[in-house]
$ cat coords.pdb   # PDB, C-alpha atoms, pLDDT in the B column
ATOM      1  CA  MET A   1       0.000   0.000   0.000  1.00 49.00           C
ATOM      2  CA  VAL A   2       1.420   3.390  -1.101  1.00 50.00           C
ATOM      3  CA  LEU A   3       0.879   6.320   1.159  1.00 50.00           C
ATOM      4  CA  LYS A   4       0.323   9.756  -0.499  1.00 53.00           C
ATOM      5  CA  ALA A   5       1.416  12.946   1.188  1.00 52.00           C
ATOM      6  CA  ALA A   6      -1.438  15.168   2.203  1.00 53.00           C
ATOM      7  CA  PRO A   7      -1.520  18.562   0.370  1.00 54.00           C
ATOM      8  CA  VAL A   8      -0.271  21.546   2.334  1.00 49.00           C
ATOM      9  CA  LEU A   9      -2.994  24.076   2.830  1.00 49.00           C
ATOM     10  CA  LEU A  10      -1.885  27.709   3.187  1.00 49.00           C
ATOM     11  CA  PRO A  11      -3.897  30.104   5.282  1.00 52.00           C
ATOM     12  CA  ALA A  12      -6.344  32.208   3.322  1.00 49.00           C
ATOM     13  CA  THR A  13      -4.818  35.388   4.661  1.00 48.00           C
ATOM     14  CA  SER A  14      -1.368  34.451   3.255  1.00 47.00           C
ATOM     15  CA  VAL A  15      -2.760  33.835  -0.269  1.00 45.00           C
ATOM     16  CA  SER A  16      -4.668  37.094  -0.204  1.00 48.00           C
ATOM     17  CA  ARG A  17      -1.574  39.081   0.766  1.00 49.00           C
ATOM     18  CA  ARG A  18       0.543  37.497  -1.973  1.00 50.00           C
ATOM     19  CA  SER A  19      -2.056  38.351  -4.631  1.00 48.00           C
ATOM     20  CA  ARG A  20      -2.411  41.971  -3.484  1.00 50.00           C
ATOM     21  CA  PHE A  21       1.279  42.736  -3.032  1.00 48.00           C
ATOM     22  CA  PRO A  22       2.348  42.848  -6.751  1.00 55.00           C
ATOM     23  CA  ARG A  23      -0.676  44.971  -7.660  1.00 61.00           C
ATOM     24  CA  CYS A  24       0.153  47.539  -4.965  1.00 56.00           C
ATOM     25  CA  CYS A  25       3.797  47.789  -6.078  1.00 57.00           C
ATOM     26  CA  LEU A  26       2.716  48.142  -9.714  1.00 60.00           C
ATOM     27  CA  ALA A  27       0.379  51.010  -8.826  1.00 61.00           C
ATOM     28  CA  ILE A  28       3.192  52.860  -7.017  1.00 61.00           C
ATOM     29  CA  VAL A  29       5.619  52.391  -9.901  1.00 57.00           C
ATOM     30  CA  LEU A  30       3.046  53.662 -12.420  1.00 61.00           C
ATOM     31  CA  ALA A  31       2.390  56.754 -10.303  1.00 57.00           C
ATOM     32  CA  VAL A  32       6.073  57.590 -10.161  1.00 53.00           C
ATOM     33  CA  CYS A  33       6.561  57.080 -13.904  1.00 53.00           C
ATOM     34  CA  LEU A  34       3.545  59.141 -14.948  1.00 52.00           C
ATOM     35  CA  THR A  35       4.100  62.177 -12.717  1.00 52.00           C
ATOM     36  CA  GLY A  36       7.872  62.405 -12.658  1.00 51.00           C
ATOM     37  CA  ASN A  37       7.824  64.547  -9.507  1.00 49.00           C
ATOM     38  CA  PHE A  38       6.789  62.052  -6.833  1.00 46.00           C
ATOM     39  CA  SER A  39       8.937  60.392  -4.208  1.00 48.00           C
ATOM     40  CA  ILE A  40       8.243  57.292  -2.122  1.00 46.00           C
ATOM     41  CA  LEU A  41       8.447  57.748   1.605  1.00 46.00           C
ATOM     42  CA  GLY A  42       9.002  55.077   4.230  1.00 48.00           C
ATOM     43  CA  GLU A  43      11.694  52.774   2.861  1.00 48.00           C
ATOM     44  CA  GLY A  44      11.019  49.122   3.405  1.00 49.00           C
ATOM     45  CA  ASP A  45       7.267  49.592   3.562  1.00 48.00           C
ATOM     46  CA  ALA A  46       5.426  47.933   0.683  1.00 46.00           C
ATOM     47  CA  PHE A  47       2.472  50.258   1.171  1.00 45.00           C
ATOM     48  CA  ALA A  48       4.419  53.557   1.359  1.00 46.00           C
ATOM     49  CA  GLN A  49       2.565  56.800   0.732  1.00 52.00           C
ATOM     50  CA  VAL A  50       3.194  58.804  -2.461  1.00 53.00           C
ATOM     51  CA  VAL A  51       3.694  62.563  -1.815  1.00 59.00           C
ATOM     52  CA  LYS A  52       4.082  65.404  -4.373  1.00 65.00           C
ATOM     53  CA  LYS A  53       7.571  66.925  -4.409  1.00 75.00           C
ATOM     54  CA  PRO A  54       7.826  70.782  -4.466  1.00 79.00           C
ATOM     55  CA  ARG A  55       9.439  72.230  -7.608  1.00 84.00           C
ATOM     56  CA  PRO A  56      12.827  73.884  -7.017  1.00 89.00           C
ATOM     57  CA  LYS A  57      13.194  77.666  -7.204  1.00 90.00           C
ATOM     58  CA  ILE A  58      14.894  79.228 -10.193  1.00 89.00           C
ATOM     59  CA  ASP A  59      17.799  81.674 -10.443  1.00 87.00           C
ATOM     60  CA  VAL A  60      16.959  85.135 -11.812  1.00 87.00           C
ATOM     61  CA  PHE A  61      18.929  88.336 -12.249  1.00 85.00           C
ATOM     62  CA  LEU A  62      17.517  91.567 -10.811  1.00 86.00           C
ATOM     63  CA  LEU A  63      17.268  94.324 -13.405  1.00 84.00           C
ATOM     64  CA  LYS A  64      15.602  96.701 -10.943  1.00 85.00           C
ATOM     65  CA  ASP A  65      15.622  97.229  -7.180  1.00 89.00           C
ATOM     66  CA  HIS A  66      13.022  95.139  -5.369  1.00 90.00           C
ATOM     67  CA  PRO A  67      11.901  95.777  -1.762  1.00 90.00           C
ATOM     68  CA  ARG A  68      11.947  92.084  -0.878  1.00 89.00           C
ATOM     69  CA  LEU A  69      14.498  90.547  -3.236  1.00 91.00           C
ATOM     70  CA  GLY A  70      17.143  93.267  -2.941  1.00 89.00           C
ATOM     71  CA  ALA A  71      19.086  95.705  -5.108  1.00 88.00           C
ATOM     72  CA  LYS A  72      19.471  95.325  -8.861  1.00 81.00           C
ATOM     73  CA  GLY A  73      22.519  93.518 -10.195  1.00 80.00           C
ATOM     74  CA  ARG A  74      22.119  90.430  -7.977  1.00 83.00           C
ATOM     75  CA  TRP A  75      21.209  86.812  -8.691  1.00 85.00           C
ATOM     76  CA  VAL A  76      18.387  85.550  -6.469  1.00 90.00           C
ATOM     77  CA  LYS A  77      16.163  82.470  -6.255  1.00 91.00           C
ATOM     78  CA  VAL A  78      12.386  82.826  -6.693  1.00 92.00           C
ATOM     79  CA  LYS A  79       9.409  80.577  -7.228  1.00 91.00           C
ATOM     80  CA  ARG A  80       8.504  79.817 -10.809  1.00 89.00           C
ATOM     81  CA  GLY A  81       4.975  81.172 -10.550  1.00 90.00           C
ATOM     82  CA  TYR A  82       6.150  84.455  -8.985  1.00 91.00           C
ATOM     83  CA  TYR A  83       8.694  84.848 -11.769  1.00 89.00           C
ATOM     84  CA  ARG A  84       6.268  83.996 -14.566  1.00 89.00           C
ATOM     85  CA  ASN A  85       3.243  85.960 -13.345  1.00 92.00           C
ATOM     86  CA  PHE A  86       4.804  89.059 -11.795  1.00 90.00           C
ATOM     87  CA  LEU A  87       8.572  89.578 -11.985  1.00 90.00           C
ATOM     88  CA  LEU A  88       9.017  88.865 -15.707  1.00 88.00           C
ATOM     89  CA  PRO A  89       6.015  90.906 -17.012  1.00 89.00           C
ATOM     90  CA  MET A  90       7.103  93.879 -14.860  1.00 89.00           C
ATOM     91  CA  GLY A  91      10.644  93.749 -16.284  1.00 86.00           C
ATOM     92  CA  ILE A  92      12.173  93.323 -12.828  1.00 88.00           C
ATOM     93  CA  VAL A  93      14.224  90.207 -13.548  1.00 86.00           C
ATOM     94  CA  THR A  94      15.629  88.113 -16.365  1.00 84.00           C
ATOM     95  CA  ARG A  95      16.876  84.561 -16.709  1.00 82.00           C
ATOM     96  CA  ASP A  96      19.106  85.384 -19.686  1.00 76.00           C
ATOM     97  CA  ASN A  97      22.865  85.349 -19.506  1.00 70.00           C
ATOM     98  CA  ILE A  98      23.673  88.730 -17.976  1.00 69.00           C
ATOM     99  CA  GLU A  99      27.051  88.915 -19.741  1.00 72.00           C
ATOM    100  CA  GLU A 100      25.320  88.537 -23.098  1.00 66.00           C
ATOM    101  CA  LEU A 101      22.792  91.201 -22.109  1.00 72.00           C
ATOM    102  CA  GLN A 102      25.583  93.566 -21.129  1.00 76.00           C
ATOM    103  CA  ARG A 103      27.356  92.915 -24.430  1.00 77.00           C
ATOM    104  CA  MET A 104      24.155  93.662 -26.352  1.00 74.00           C
ATOM    105  CA  GLU A 105      23.541  96.838 -24.346  1.00 79.00           C
ATOM    106  CA  ALA A 106      27.115  98.002 -24.970  1.00 87.00           C
ATOM    107  CA  ALA A 107      26.748  97.331 -28.706  1.00 85.00           C
ATOM    108  CA  LYS A 108      23.442  99.207 -28.757  1.00 85.00           C
ATOM    109  CA  LYS A 109      24.939 102.173 -26.920  1.00 89.00           C
ATOM    110  CA  ALA A 110      27.935 102.257 -29.279  1.00 92.00           C
ATOM    111  CA  SER A 111      25.589 102.184 -32.270  1.00 91.00           C
ATOM    112  CA  GLU A 112      23.538 105.053 -30.858  1.00 92.00           C
ATOM    113  CA  GLN A 113      26.667 107.105 -30.193  1.00 93.00           C
ATOM    114  CA  LYS A 114      27.878 106.446 -33.732  1.00 93.00           C
ATOM    115  CA  ALA A 115      24.512 107.539 -35.130  1.00 91.00           C
ATOM    116  CA  GLU A 116      24.602 110.719 -33.035  1.00 92.00           C
ATOM    117  CA  ALA A 117      28.129 111.514 -34.249  1.00 93.00           C
ATOM    118  CA  LYS A 118      27.065 110.900 -37.866  1.00 92.00           C
ATOM    119  CA  SER A 119      24.055 113.172 -37.413  1.00 92.00           C
ATOM    120  CA  ALA A 120      26.242 115.955 -35.999  1.00 93.00           C
ATOM    121  CA  GLU A 121      28.690 115.538 -38.901  1.00 93.00           C
ATOM    122  CA  ASP A 122      25.851 115.657 -41.442  1.00 93.00           C
ATOM    123  CA  LEU A 123      24.477 118.806 -39.824  1.00 94.00           C
ATOM    124  CA  GLN A 124      27.901 120.459 -40.068  1.00 94.00           C
ATOM    125  CA  THR A 125      28.163 119.440 -43.738  1.00 94.00           C
ATOM    126  CA  LYS A 126      24.746 120.899 -44.466  1.00 94.00           C
ATOM    127  CA  TRP A 127      25.591 124.156 -42.698  1.00 95.00           C
ATOM    128  CA  THR A 128      28.900 124.485 -44.593  1.00 95.00           C
ATOM    129  CA  ILE A 129      27.320 123.980 -48.028  1.00 94.00           C
ATOM    130  CA  ASP A 130      24.305 126.163 -47.233  1.00 94.00           C
ATOM    131  CA  ASN A 131      26.605 129.055 -46.312  1.00 95.00           C
ATOM    132  CA  LEU A 132      28.851 128.873 -49.352  1.00 94.00           C
ATOM    133  CA  ASP A 133      29.141 131.940 -51.531  1.00 93.00           C
ATOM    134  CA  PRO A 134      27.721 131.359 -55.015  1.00 93.00           C
ATOM    135  CA  LEU A 135      29.931 129.010 -57.028  1.00 94.00           C
ATOM    136  CA  ILE A 136      31.305 130.745 -60.091  1.00 93.00           C
ATOM    137  CA  PHE A 137      31.532 128.863 -63.379  1.00 94.00           C
ATOM    138  CA  GLU A 138      33.089 130.532 -66.429  1.00 92.00           C
ATOM    139  CA  ARG A 139      31.790 129.274 -69.753  1.00 92.00           C
ATOM    140  CA  LYS A 140      32.232 130.306 -73.373  1.00 91.00           C
ATOM    141  CA  LYS A 141      29.168 132.214 -74.512  1.00 90.00           C
ATOM    142  CA  ARG A 142      27.547 131.743 -77.868  1.00 91.00           C
ATOM    143  CA  GLU A 143      27.621 134.864 -79.961  1.00 89.00           C
ATOM    144  CA  GLY A 144      24.440 136.893 -79.873  1.00 87.00           C
ATOM    145  CA  SER A 145      22.844 135.075 -76.918  1.00 90.00           C
ATOM    146  CA  ASP A 146      23.341 134.042 -73.308  1.00 90.00           C
ATOM    147  CA  ALA A 147      23.585 130.386 -74.265  1.00 92.00           C
ATOM    148  CA  ILE A 148      26.850 128.650 -73.478  1.00 91.00           C
ATOM    149  CA  TYR A 149      28.725 125.920 -75.247  1.00 90.00           C
ATOM    150  CA  GLY A 150      27.961 122.663 -73.518  1.00 88.00           C
ATOM    151  CA  SER A 151      26.218 122.652 -70.146  1.00 89.00           C
ATOM    152  CA  LEU A 152      26.936 122.661 -66.442  1.00 91.00           C
ATOM    153  CA  THR A 153      26.765 119.165 -64.887  1.00 93.00           C
ATOM    154  CA  ALA A 154      26.510 117.662 -61.418  1.00 94.00           C
ATOM    155  CA  ILE A 155      30.139 116.563 -61.764  1.00 94.00           C
ATOM    156  CA  ASN A 156      31.230 120.188 -62.239  1.00 94.00           C
ATOM    157  CA  ILE A 157      29.263 121.210 -59.131  1.00 95.00           C
ATOM    158  CA  ALA A 158      30.638 118.349 -56.985  1.00 95.00           C
ATOM    159  CA  GLU A 159      34.210 119.224 -57.961  1.00 94.00           C
ATOM    160  CA  GLU A 160      33.704 122.886 -57.123  1.00 94.00           C
ATOM    161  CA  ILE A 161      32.154 122.079 -53.726  1.00 95.00           C
ATOM    162  CA  ALA A 162      35.117 119.819 -52.908  1.00 94.00           C
ATOM    163  CA  LYS A 163      37.519 122.582 -53.970  1.00 94.00           C
ATOM    164  CA  LYS A 164      35.815 125.183 -51.772  1.00 93.00           C
ATOM    165  CA  THR A 165      35.056 123.083 -48.672  1.00 93.00           C
ATOM    166  CA  GLY A 166      37.047 119.852 -48.816  1.00 93.00           C
ATOM    167  CA  ILE A 167      33.753 117.947 -48.603  1.00 93.00           C
ATOM    168  CA  ALA A 168      33.441 115.032 -51.012  1.00 92.00           C
ATOM    169  CA  VAL A 169      30.017 114.997 -52.635  1.00 93.00           C
ATOM    170  CA  ARG A 170      28.833 112.301 -55.003  1.00 94.00           C
ATOM    171  CA  PRO A 171      27.455 113.723 -58.263  1.00 94.00           C
ATOM    172  CA  ALA A 172      24.515 111.326 -57.921  1.00 94.00           C
ATOM    173  CA  ASN A 173      23.525 113.191 -54.735  1.00 94.00           C
ATOM    174  CA  ILE A 174      23.205 116.516 -56.555  1.00 95.00           C
ATOM    175  CA  VAL A 175      19.790 117.434 -57.908  1.00 95.00           C
ATOM    176  CA  VAL A 176      20.049 120.125 -60.561  1.00 93.00           C
ATOM    177  CA  GLY A 177      18.165 121.060 -63.695  1.00 92.00           C
ATOM    178  CA  LYS A 178      19.731 121.614 -67.079  1.00 92.00           C
ATOM    179  CA  ILE A 179      22.025 124.631 -67.100  1.00 93.00           C
ATOM    180  CA  ALA A 180      22.972 125.747 -70.608  1.00 92.00           C
ATOM    181  CA  ALA A 181      23.024 129.546 -70.325  1.00 93.00           C
ATOM    182  CA  LEU A 182      24.498 132.394 -68.334  1.00 94.00           C
ATOM    183  CA  GLY A 183      22.745 133.366 -65.117  1.00 94.00           C
ATOM    184  CA  ASP A 184      22.103 132.467 -61.494  1.00 94.00           C
ATOM    185  CA  PHE A 185      21.044 128.930 -60.593  1.00 95.00           C
ATOM    186  CA  GLY A 186      20.539 126.660 -57.612  1.00 94.00           C
ATOM    187  CA  ALA A 187      20.946 122.972 -56.798  1.00 95.00           C
ATOM    188  CA  THR A 188      20.165 120.608 -53.941  1.00 95.00           C
ATOM    189  CA  VAL A 189      22.807 118.384 -52.375  1.00 95.00           C
ATOM    190  CA  LYS A 190      21.644 115.258 -50.558  1.00 95.00           C
ATOM    191  CA  ILE A 191      23.856 114.345 -47.605  1.00 92.00           C
ATOM    192  CA  ASP A 192      25.055 110.716 -47.726  1.00 87.00           C
ATOM    193  CA  ASP A 193      23.053 108.239 -45.592  1.00 85.00           C
ATOM    194  CA  SER A 194      20.896 111.025 -44.220  1.00 86.00           C
ATOM    195  CA  ASP A 195      17.554 112.751 -44.735  1.00 89.00           C
ATOM    196  CA  MET A 196      19.299 116.135 -44.729  1.00 93.00           C
ATOM    197  CA  GLU A 197      19.701 118.312 -47.810  1.00 94.00           C
ATOM    198  CA  ALA A 198      21.761 121.423 -48.471  1.00 95.00           C
ATOM    199  CA  ASP A 199      21.190 124.184 -51.007  1.00 95.00           C
ATOM    200  CA  VAL A 200      23.986 125.483 -53.165  1.00 95.00           C
ATOM    201  CA  ARG A 201      23.961 128.660 -55.278  1.00 95.00           C
ATOM    202  CA  MET A 202      25.734 129.019 -58.608  1.00 94.00           C
ATOM    203  CA  LYS A 203      26.516 131.718 -61.132  1.00 94.00           C
ATOM    204  CA  VAL A 204      27.414 130.969 -64.736  1.00 94.00           C
ATOM    205  CA  VAL A 205      29.437 133.811 -66.226  1.00 94.00           C
ATOM    206  CA  PRO A 206      31.203 134.423 -69.558  1.00 92.00           C
ATOM    207  CA  GLU A 207      34.927 133.769 -69.923  1.00 88.00           C
ATOM    208  CA  GLY A 208      37.085 136.608 -68.632  1.00 86.00           C
ATOM    209  CA  TRP A 209      34.418 137.737 -66.202  1.00 86.00           C
ATOM    210  CA  LYS A 210      35.695 139.589 -63.136  1.00 86.00           C
ATOM    211  CA  PRO A 211      33.756 139.948 -59.903  1.00 83.00           C
ATOM    212  CA  PRO A 212      32.784 143.546 -59.096  1.00 78.00           C
ATOM    213  CA  VAL A 213      35.066 145.294 -56.626  1.00 74.00           C
ATOM    214  CA  GLU A 214      33.356 146.019 -53.338  1.00 68.00           C
ATOM    215  CA  GLY A 215      32.107 149.616 -53.310  1.00 61.00           C
ATOM    216  CA  GLU A 216      32.724 150.133 -57.026  1.00 57.00           C
ATOM    217  CA  GLY A 217      29.044 150.038 -57.895  1.00 55.00           C
ATOM    218  CA  GLU A 218      28.172 152.539 -55.186  1.00 58.00           C
ATOM    219  CA  GLU A 219      30.848 155.025 -56.354  1.00 59.00           C
ATOM    220  CA  GLN A 220      29.659 154.745 -59.942  1.00 60.00           C
ATOM    221  CA  ALA A 221      26.087 155.354 -58.878  1.00 55.00           C
ATOM    222  CA  GLU A 222      27.120 158.426 -56.906  1.00 61.00           C
ATOM    223  CA  GLU A 223      29.048 159.816 -59.895  1.00 62.00           C
ATOM    224  CA  GLU A 224      26.079 159.305 -62.170  1.00 59.00           C
ATOM    225  CA  ALA A 225      23.802 161.012 -59.640  1.00 59.00           C
ATOM    226  CA  ALA A 226      26.197 163.982 -59.360  1.00 60.00           C
ATOM    227  CA  GLU A 227      26.227 164.500 -63.104  1.00 58.00           C
TER
END

$ encode --input "coords.pdb" --output "structure tokens"
Amino acid sequence: MVLKAAPVLLPATSVSRRSRFPRCCLAIVLAVCLTGNFSILGEGDAFAQVVKKPRPKIDVFLLKDHPRLGAKGRWVKVKRGYYRNFLLPMGIVTRDNIEELQRMEAAKKASEQKAEAKSAEDLQTKWTIDNLDPLIFERKKREGSDAIYGSLTAINIAEEIAKKTGIAVRPANIVVGKIAALGDFGATVKIDDSDMEADVRMKVVPEGWKPPVEGEGEEQAEEEAAE
């Protein structure tokens, strides 16, 4: 006769615990994976509580004085919500690299100073050309009329301005109508890279012309009046 060993019966409570244990661990692992900001407390406890972890503060640079955070020019730590909802919209702080910001500000300031210097130079150029005496151009006159051979061009005017002032003017910047006779004329000179314009006066005279001597006209008029 063969004797069979009786089956070992485990307590119901032991089976129940074994079946629940993997499910509980799986739930905890899923919670940690899905949220990313949870930590498990109570090491060694299979049924540890899951608690939300506070987000770390961020470093910001003070662009302005702040009564609570301190004077401008310092790095401080603040909560993300306070930075996003108040400090950033008010222009009090920045998270950018302060050295890069300083470099950009310096470049901007240098550009503004250069523009101011250019504007002052352009204003001086305009004033110099505006106050020039009329430019004299001698031309051969056609017999029986005031017409001249050829015409006066922007190149002629630019060369004369450079001769009188030392200012280089591009002929393309000179706006002048056709000048093909003796007389008084005017032209406009556009200042390079500027909205400014200068006015220049010109006189086209016949060859051999001599400017009147100062006071000569008055003496002649007096003599004629005396006669």

$ resolve_selection --input "coords.pdb" --expression "the PyMOL selection byres ((chain A and resi 109-122) around 10)" --output "number ranges by chain"
A: 103-108, 123-128, 191-198

$ residues_near_point --input "coords.pdb" --point "(24.7, 115.5, -60.4)" --cutoff "6 Å" --atoms "only C-alpha atoms" --output "list in words"
Ala154, Ile155, Pro171, Ala172, Ile174 and Val175 of chain A

$ closest_residue --input "coords.pdb" --among "A:Ile58, A:Ile179, A:Ala168, A:Ala162" --to "Arg95 in chain A" --atoms "all atoms listed in the file"
A:Ile58

$ closest_residue --input "coords.pdb" --among "A:Pro54, A:Pro206, A:Gly186, A:Gly73" --to "Gln102 in chain A" --atoms "all atoms listed in the file"
A:Gly73

$ axis_aligned_box --input "coords.pdb" --around "range 66-74 of chain A" --padding-each-side "5 Å" --output "AutoDock Vina command-line options"
--center_x 17.2 --center_y 93.1 --center_z -5.5 --size_x 20.6 --size_y 15.3 --size_z 19.3

$ resolve_selection --input "coords.pdb" --expression "the PyMOL selection byres ((chain A and resi 60-71) around 9)" --output "list in words"
Ile58, Asp59, Lys72, Gly73, Arg74, Trp75, Val76, Lys77, Val78, Tyr83, Gly91, Ile92, Val93, Thr94, Arg95, Asp96, Asn97 and Ile98 of chain A

$ closest_residue --input "coords.pdb" --among "A:Leu87, A:Leu135, A:Val213, A:Leu152" --to "Ala180 in chain A" --atoms "all atoms listed in the file"
A:Leu152

$ resolve_selection --input "coords.pdb" --expression "the PyMOL selection byres ((chain A and resi 203) around 7)" --output "PyMOL selection string"
chain A and resi 134-137+183-185+202+204-205

$ write_last_selection --input "coords.pdb" --atoms "C-alpha atoms" --output "PDB file, keeping the file's coordinate frame"
ATOM      1  CA  PRO A 134      27.721 131.359 -55.015  1.00 93.00           C
ATOM      2  CA  LEU A 135      29.931 129.010 -57.028  1.00 94.00           C
ATOM      3  CA  ILE A 136      31.305 130.745 -60.091  1.00 93.00           C
ATOM      4  CA  PHE A 137      31.532 128.863 -63.379  1.00 94.00           C
ATOM      5  CA  GLY A 183      22.745 133.366 -65.117  1.00 94.00           C
ATOM      6  CA  ASP A 184      22.103 132.467 -61.494  1.00 94.00           C
ATOM      7  CA  PHE A 185      21.044 128.930 -60.593  1.00 95.00           C
ATOM      8  CA  MET A 202      25.734 129.019 -58.608  1.00 94.00           C
ATOM      9  CA  VAL A 204      27.414 130.969 -64.736  1.00 94.00           C
ATOM     10  CA  VAL A 205      29.437 133.811 -66.226  1.00 94.00           C
TER      11      VAL A 205
END

$ atom_distance --input "coords.pdb" --atom1 "CA of Ala158 in chain A" --atom2 "CA of Ala187 in chain A"
10.7 Å

$ atom_distance --input "coords.pdb" --atom1 "CA of Thr188 in chain A" --atom2 "CA of Trp209 in chain A"
25.4 Å

$ atom_distance --input "coords.pdb" --atom1 "CA of Lys140 in chain A" --atom2 "CA of Glu207 in chain A"
5.6 Å

$ closest_residue --input "coords.pdb" --among "A:Phe86, A:Pro211, A:Asp133, A:Lys57" --to "Glu160 in chain A" --atoms "all atoms listed in the file"
A:Asp133

$ closest_residue --input "coords.pdb" --among "A:Val169, A:Ile161, A:Leu101, A:Leu88" --to "Arg201 in chain A" --atoms "all atoms listed in the file"
A:Ile161

$ closest_residue --input "coords.pdb" --among "A:Lys190, A:Gly81, A:Ile129, A:Thr153" --to "Gly177 in chain A" --atoms "all atoms listed in the file"
A:Thr153

$ decode --input "coords.pdb" --residues "range 197-212 of chain A" --atoms "N, CA, C and O atoms" --output "short mmCIF file (atom, residue, chain, number, x, y, z; two decimals), in the first residue's frame"
data_model
loop_
_atom_site.label_atom_id
_atom_site.label_comp_id
_atom_site.auth_asym_id
_atom_site.auth_seq_id
_atom_site.Cartn_x
_atom_site.Cartn_y
_atom_site.Cartn_z
N GLU A 197 19.35 117.76 -46.51
CA GLU A 197 19.70 118.31 -47.81
C GLU A 197 20.26 119.71 -47.62
O GLU A 197 19.87 120.43 -46.70
N ALA A 198 21.18 120.08 -48.50
CA ALA A 198 21.76 121.42 -48.47
C ALA A 198 21.50 122.10 -49.81
O ALA A 198 21.38 121.43 -50.85
N ASP A 199 21.41 123.41 -49.78
CA ASP A 199 21.19 124.18 -51.01
C ASP A 199 22.48 124.88 -51.40
O ASP A 199 23.19 125.45 -50.55
N VAL A 200 22.78 124.84 -52.67
CA VAL A 200 23.99 125.48 -53.16
C VAL A 200 23.59 126.47 -54.28
O VAL A 200 22.72 126.17 -55.10
N ARG A 201 24.24 127.63 -54.27
CA ARG A 201 23.96 128.66 -55.28
C ARG A 201 25.09 128.71 -56.29
O ARG A 201 26.26 128.49 -55.94
N MET A 202 24.74 129.01 -57.53
CA MET A 202 25.73 129.02 -58.61
C MET A 202 25.50 130.21 -59.52
O MET A 202 24.38 130.68 -59.68
N LYS A 203 26.58 130.64 -60.15
CA LYS A 203 26.52 131.72 -61.13
C LYS A 203 27.35 131.31 -62.34
O LYS A 203 28.53 131.00 -62.21
N VAL A 204 26.71 131.29 -63.50
CA VAL A 204 27.41 130.97 -64.74
C VAL A 204 27.71 132.30 -65.43
O VAL A 204 26.80 133.08 -65.73
N VAL A 205 29.00 132.53 -65.67
CA VAL A 205 29.44 133.81 -66.23
C VAL A 205 30.27 133.57 -67.48
O VAL A 205 30.79 132.47 -67.69
N PRO A 206 30.39 134.59 -68.33
CA PRO A 206 31.20 134.42 -69.56
C PRO A 206 32.69 134.39 -69.22
O PRO A 206 33.12 134.82 -68.16
N GLU A 207 33.48 133.84 -70.11
CA GLU A 207 34.93 133.77 -69.92
C GLU A 207 35.50 135.18 -69.77
O GLU A 207 35.07 136.12 -70.43
N GLY A 208 36.46 135.31 -68.86
CA GLY A 208 37.09 136.61 -68.63
C GLY A 208 36.31 137.49 -67.66
O GLY A 208 36.71 138.63 -67.41
N TRP A 209 35.25 136.95 -67.14
CA TRP A 209 34.42 137.74 -66.20
C TRP A 209 35.21 138.02 -64.93
O TRP A 209 35.96 137.18 -64.44
N LYS A 210 35.04 139.23 -64.39
CA LYS A 210 35.69 139.59 -63.14
C LYS A 210 34.64 140.04 -62.14
O LYS A 210 33.72 140.79 -62.50
N PRO A 211 34.74 139.54 -60.90
CA PRO A 211 33.76 139.95 -59.90
C PRO A 211 33.86 141.44 -59.63
O PRO A 211 34.97 141.99 -59.66
N PRO A 212 32.75 142.11 -59.38
CA PRO A 212 32.78 143.55 -59.10
C PRO A 212 33.54 143.81 -57.80
O PRO A 212 33.44 143.06 -56.83
#
